[in-house]
Amino acid sequence: MLFNEPVFGPIQSRRLGISLGINLLPTESKLCNFNCIYCECGWNTKVEKKKFNRRDDIKKNLEIKLKLMQNENKYLDSITFSGNGEPTMHPEFSAIIDDTIILRNQYAPAAKISVLSNATMLANANVVAALLKIDNAILKLDSGIDETAALINKPQFAYSVAKIIEYMQKLKKQMILQTMFLRGTYDGKKIDNTTEHEITAWLDAIKKIEPREIMIYTIDRKTPADNLQKVSFDELDKIAEHARKLGYKVQVAK
Ligand code: SF4
């Protein structure tokens, strides 16, 4: 499923309420430095021309939509950067966040600004600074174990959980950690990030990152990889309980 507009919705989000989406990525194809086996946008493709949506188009479309919603007295919980890939890869991500803060303050001051990110661009100080300005920097870590993360997220570069944890620590305990739990097989290999070994590594990562909050969820739509299974709500809640015992607020998406 690809979003074919730079600003889309509002939609009812499982985790963020009434959410107006912003897609900084190409509208004709996905662009991400991960290739997650569960990605709702499908697999990465080899399209030659991958154009980011332009900053001025995003700004113009967002203003039109927010003005319209204000005139119609429509409530908004969140302006959410998600879309067809990894939003922080946009070269003007930081400036677009500044534009969004101005427009949010003008037209929908009660709305939060949220960014869903795979956390791989946190080596860039501008990206970190931009994420520190918003309400919800929601950053992905699907496993505390390199081999499992490699299987689930299929990073398109040398990926290290330890490095990502180090990056996340730059968010000064303001970030929200997001983890997808699933089971299945892919490429002849068994995947299950709910085992005791996995949960121990995940909790160790949480203790190092010290996120403000944790969101856990499971598959909700068709996945690009076959043979993946969702995890039941009861199992997710048991996993959440481990983190709650460490003092963290955990939201389990239904
Ligand atoms: S990080 Fe997000 S956009 Fe990128 S492949 Fe994974 S789920 Fe898809």
# chains A, B, ... in the order shown; residues from 1 in each chain; ligands from 1
>>> closest_atom_pairs(of="chain A", to="ligand 1", cutoff="7 Å", atoms="only C-alpha atoms and all ligand atoms", output="Markdown table")
| residue | atom | partner | partner_atom_place_in_ligand_line | distance |
| --- | --- | --- | --- | --- |
| A:Cys32 | CA | ligand 1 | 4 (Fe) | 4.7 |
| A:Asn33 | CA | ligand 1 | 4 (Fe) | 6.4 |
| A:Phe34 | CA | ligand 1 | 5 (S) | 4.5 |
| A:Asn35 | CA | ligand 1 | 5 (S) | 3.9 |
| A:Cys36 | CA | ligand 1 | 5 (S) | 4.2 |
| A:Tyr38 | CA | ligand 1 | 7 (S) | 6.5 |
| A:Cys39 | CA | ligand 1 | 7 (S) | 4.0 |
| A:Glu40 | CA | ligand 1 | 8 (Fe) | 6.3 |
| A:Cys41 | CA | ligand 1 | 8 (Fe) | 6.0 |
| A:Asn84 | CA | ligand 1 | 3 (S) | 6.0 |
| A:Gly85 | CA | ligand 1 | 3 (S) | 3.6 |
| A:Glu86 | CA | ligand 1 | 3 (S) | 5.2 |
| A:Ser117 | CA | ligand 1 | 1 (S) | 6.6 |
| A:Asn118 | CA | ligand 1 | 1 (S) | 4.9 |
| A:Asn153 | CA | ligand 1 | 6 (Fe) | 6.0 |
>>> residues_around(residues="Thr195 of chain A", least_positions_apart="6", cutoff="12 Å", atoms="only C-alpha atoms", output="compact mmCIF listing (two decimals) with C-alpha atoms, in the first residue's frame")
# COMPACT_ATOMS: atom_id res chain seq x y z
CA SER A 143 15.03 -6.93 18.45
CA GLY A 144 17.93 -6.52 20.84
CA ILE A 145 19.82 -9.18 18.85
CA THR A 148 17.08 -11.23 14.49
CA PHE A 181 6.41 -8.61 17.59
CA LEU A 182 5.84 -11.44 15.15
CA ARG A 183 6.61 -15.04 14.32
CA ALA A 201 17.77 -8.83 25.07
CA TRP A 202 14.89 -6.42 24.39
CA VAL A 231 1.08 -12.40 18.18
CA GLU A 235 0.92 -12.40 24.65
CA LEU A 236 1.75 -8.79 23.80
CA LYS A 238 2.53 -10.28 28.95
CA ILE A 239 5.57 -8.89 27.15
>>> atom_distance(atom1="atom CA of Thr27 of chain A", atom2="atom CA of Leu228 of chain A")
26.8 Å
>>> closest_residue(among="A:Leu141, A:Arg14, A:Leu177, A:Gln106", to="Lys254 of chain A", atoms="only C-alpha atoms")
A:Arg14
>>> residues_around(residues="segment 64-77 of chain A", least_positions_apart="2", cutoff="7 Å", atoms="only C-alpha atoms", output="mmCIF file with N, CA and C atoms, in the first residue's frame")
data_model
loop_
_atom_site.group_PDB
_atom_site.id
_atom_site.type_symbol
_atom_site.label_atom_id
_atom_site.label_comp_id
_atom_site.auth_asym_id
_atom_site.auth_seq_id
_atom_site.Cartn_x
_atom_site.Cartn_y
_atom_site.Cartn_z
ATOM 1 N N LEU A 16 -2.139 6.495 17.610
ATOM 2 C CA LEU A 16 -2.031 7.947 17.740
ATOM 3 C C LEU A 16 -3.355 8.694 17.668
ATOM 4 N N GLY A 17 -4.458 7.960 17.557
ATOM 5 C CA GLY A 17 -5.763 8.618 17.482
ATOM 6 C C GLY A 17 -6.027 9.178 16.089
ATOM 7 N N ILE A 18 -6.716 10.337 16.028
ATOM 8 C CA ILE A 18 -7.021 10.925 14.707
ATOM 9 C C ILE A 18 -5.746 11.576 14.187
ATOM 10 N N SER A 19 -5.264 11.042 13.078
ATOM 11 C CA SER A 19 -3.912 11.390 12.644
ATOM 12 C C SER A 19 -3.901 11.855 11.189
ATOM 13 N N LYS A 60 2.579 23.658 1.649
ATOM 14 C CA LYS A 60 1.341 24.162 1.034
ATOM 15 C C LYS A 60 0.168 23.213 1.313
ATOM 16 N N ASN A 61 0.388 21.920 1.070
ATOM 17 C CA ASN A 61 -0.682 20.936 1.258
ATOM 18 C C ASN A 61 -1.092 20.808 2.720
ATOM 19 N N LEU A 62 -0.107 20.900 3.610
ATOM 20 C CA LEU A 62 -0.429 20.800 5.036
ATOM 21 C C LEU A 62 -1.259 21.998 5.479
ATOM 22 N N TYR A 107 -2.796 26.488 13.389
ATOM 23 C CA TYR A 107 -4.115 25.935 13.038
ATOM 24 C C TYR A 107 -4.627 24.817 13.950
ATOM 25 N N ALA A 111 -2.796 19.557 18.607
ATOM 26 C CA ALA A 111 -2.285 18.332 17.952
ATOM 27 C C ALA A 111 -0.815 18.114 18.292
ATOM 28 N N LYS A 112 -0.457 16.860 18.464
ATOM 29 C CA LYS A 112 0.952 16.505 18.666
ATOM 30 C C LYS A 112 1.609 16.341 17.292
#
>>> select_by_dssp(residues="segment 97-215 of chain A", states="alpha helix (DSSP H)", output="NGL selection string")
:A and (97-107 or 125-133 or 146-153 or 161-168 or 196-209)
>>> write_last_selection(atoms="C-alpha atoms", output="mmCIF file, in the first residue's frame")
data_model
loop_
_atom_site.group_PDB
_atom_site.id
_atom_site.type_symbol
_atom_site.label_atom_id
_atom_site.label_comp_id
_atom_site.auth_asym_id
_atom_site.auth_seq_id
_atom_site.Cartn_x
_atom_site.Cartn_y
_atom_site.Cartn_z
ATOM 1 C CA ILE A 97 9.743 19.884 10.962
ATOM 2 C CA ASP A 98 10.188 23.624 11.608
ATOM 3 C CA ASP A 99 7.484 24.439 9.003
ATOM 4 C CA THR A 100 5.169 21.871 10.583
ATOM 5 C CA ILE A 101 5.614 23.275 14.092
ATOM 6 C CA ILE A 102 4.658 26.767 12.832
ATOM 7 C CA LEU A 103 1.561 25.462 11.002
ATOM 8 C CA ARG A 104 0.513 23.235 13.903
ATOM 9 C CA ASN A 105 0.776 26.168 16.348
ATOM 10 C CA GLN A 106 -1.303 28.327 14.010
ATOM 11 C CA TYR A 107 -4.115 25.935 13.038
ATOM 12 C CA ALA A 125 22.832 15.874 14.348
ATOM 13 C CA ASN A 126 20.150 17.848 12.443
ATOM 14 C CA VAL A 127 17.811 14.858 12.526
ATOM 15 C CA VAL A 128 18.328 14.438 16.284
ATOM 16 C CA ALA A 129 17.772 18.185 16.874
ATOM 17 C CA ALA A 130 14.549 18.074 14.828
ATOM 18 C CA LEU A 131 13.247 15.019 16.702
ATOM 19 C CA LEU A 132 13.938 16.742 20.013
ATOM 20 C CA LYS A 133 11.628 19.609 18.939
ATOM 21 C CA ASP A 146 21.654 -8.315 15.621
ATOM 22 C CA GLU A 147 20.811 -11.551 13.778
ATOM 23 C CA THR A 148 17.085 -11.228 14.490
ATOM 24 C CA ALA A 149 17.010 -7.527 13.566
ATOM 25 C CA ALA A 150 18.806 -8.393 10.302
ATOM 26 C CA LEU A 151 16.172 -11.019 9.492
ATOM 27 C CA ILE A 152 13.159 -8.863 10.387
ATOM 28 C CA ASN A 153 14.318 -5.451 9.125
ATOM 29 C CA VAL A 161 21.807 -2.921 17.496
ATOM 30 C CA ALA A 162 24.504 -1.538 19.828
ATOM 31 C CA LYS A 163 25.001 1.437 17.491
ATOM 32 C CA ILE A 164 21.267 2.114 17.243
ATOM 33 C CA ILE A 165 20.986 2.020 21.048
ATOM 34 C CA GLU A 166 23.841 4.526 21.234
ATOM 35 C CA TYR A 167 22.004 6.770 18.744
ATOM 36 C CA MET A 168 18.751 6.474 20.683
ATOM 37 C CA GLU A 196 12.601 -15.628 26.479
ATOM 38 C CA HIS A 197 16.043 -15.026 24.971
ATOM 39 C CA GLU A 198 14.648 -12.263 22.742
ATOM 40 C CA ILE A 199 12.658 -10.580 25.528
ATOM 41 C CA THR A 200 15.727 -10.578 27.804
ATOM 42 C CA ALA A 201 17.771 -8.832 25.072
ATOM 43 C CA TRP A 202 14.894 -6.420 24.392
ATOM 44 C CA LEU A 203 14.608 -5.496 28.079
ATOM 45 C CA ASP A 204 18.388 -4.994 28.260
ATOM 46 C CA ALA A 205 18.121 -2.575 25.334
ATOM 47 C CA ILE A 206 15.258 -0.713 27.053
ATOM 48 C CA LYS A 207 17.329 -0.305 30.222
ATOM 49 C CA LYS A 208 20.084 1.333 28.153
ATOM 50 C CA ILE A 209 17.798 3.538 26.041
#
>>> closest_residue(among="A:Met1, A:Ile37, A:Val250, A:Leu116", to="Ala225 of chain A", atoms="only C-alpha atoms")
A:Ile37
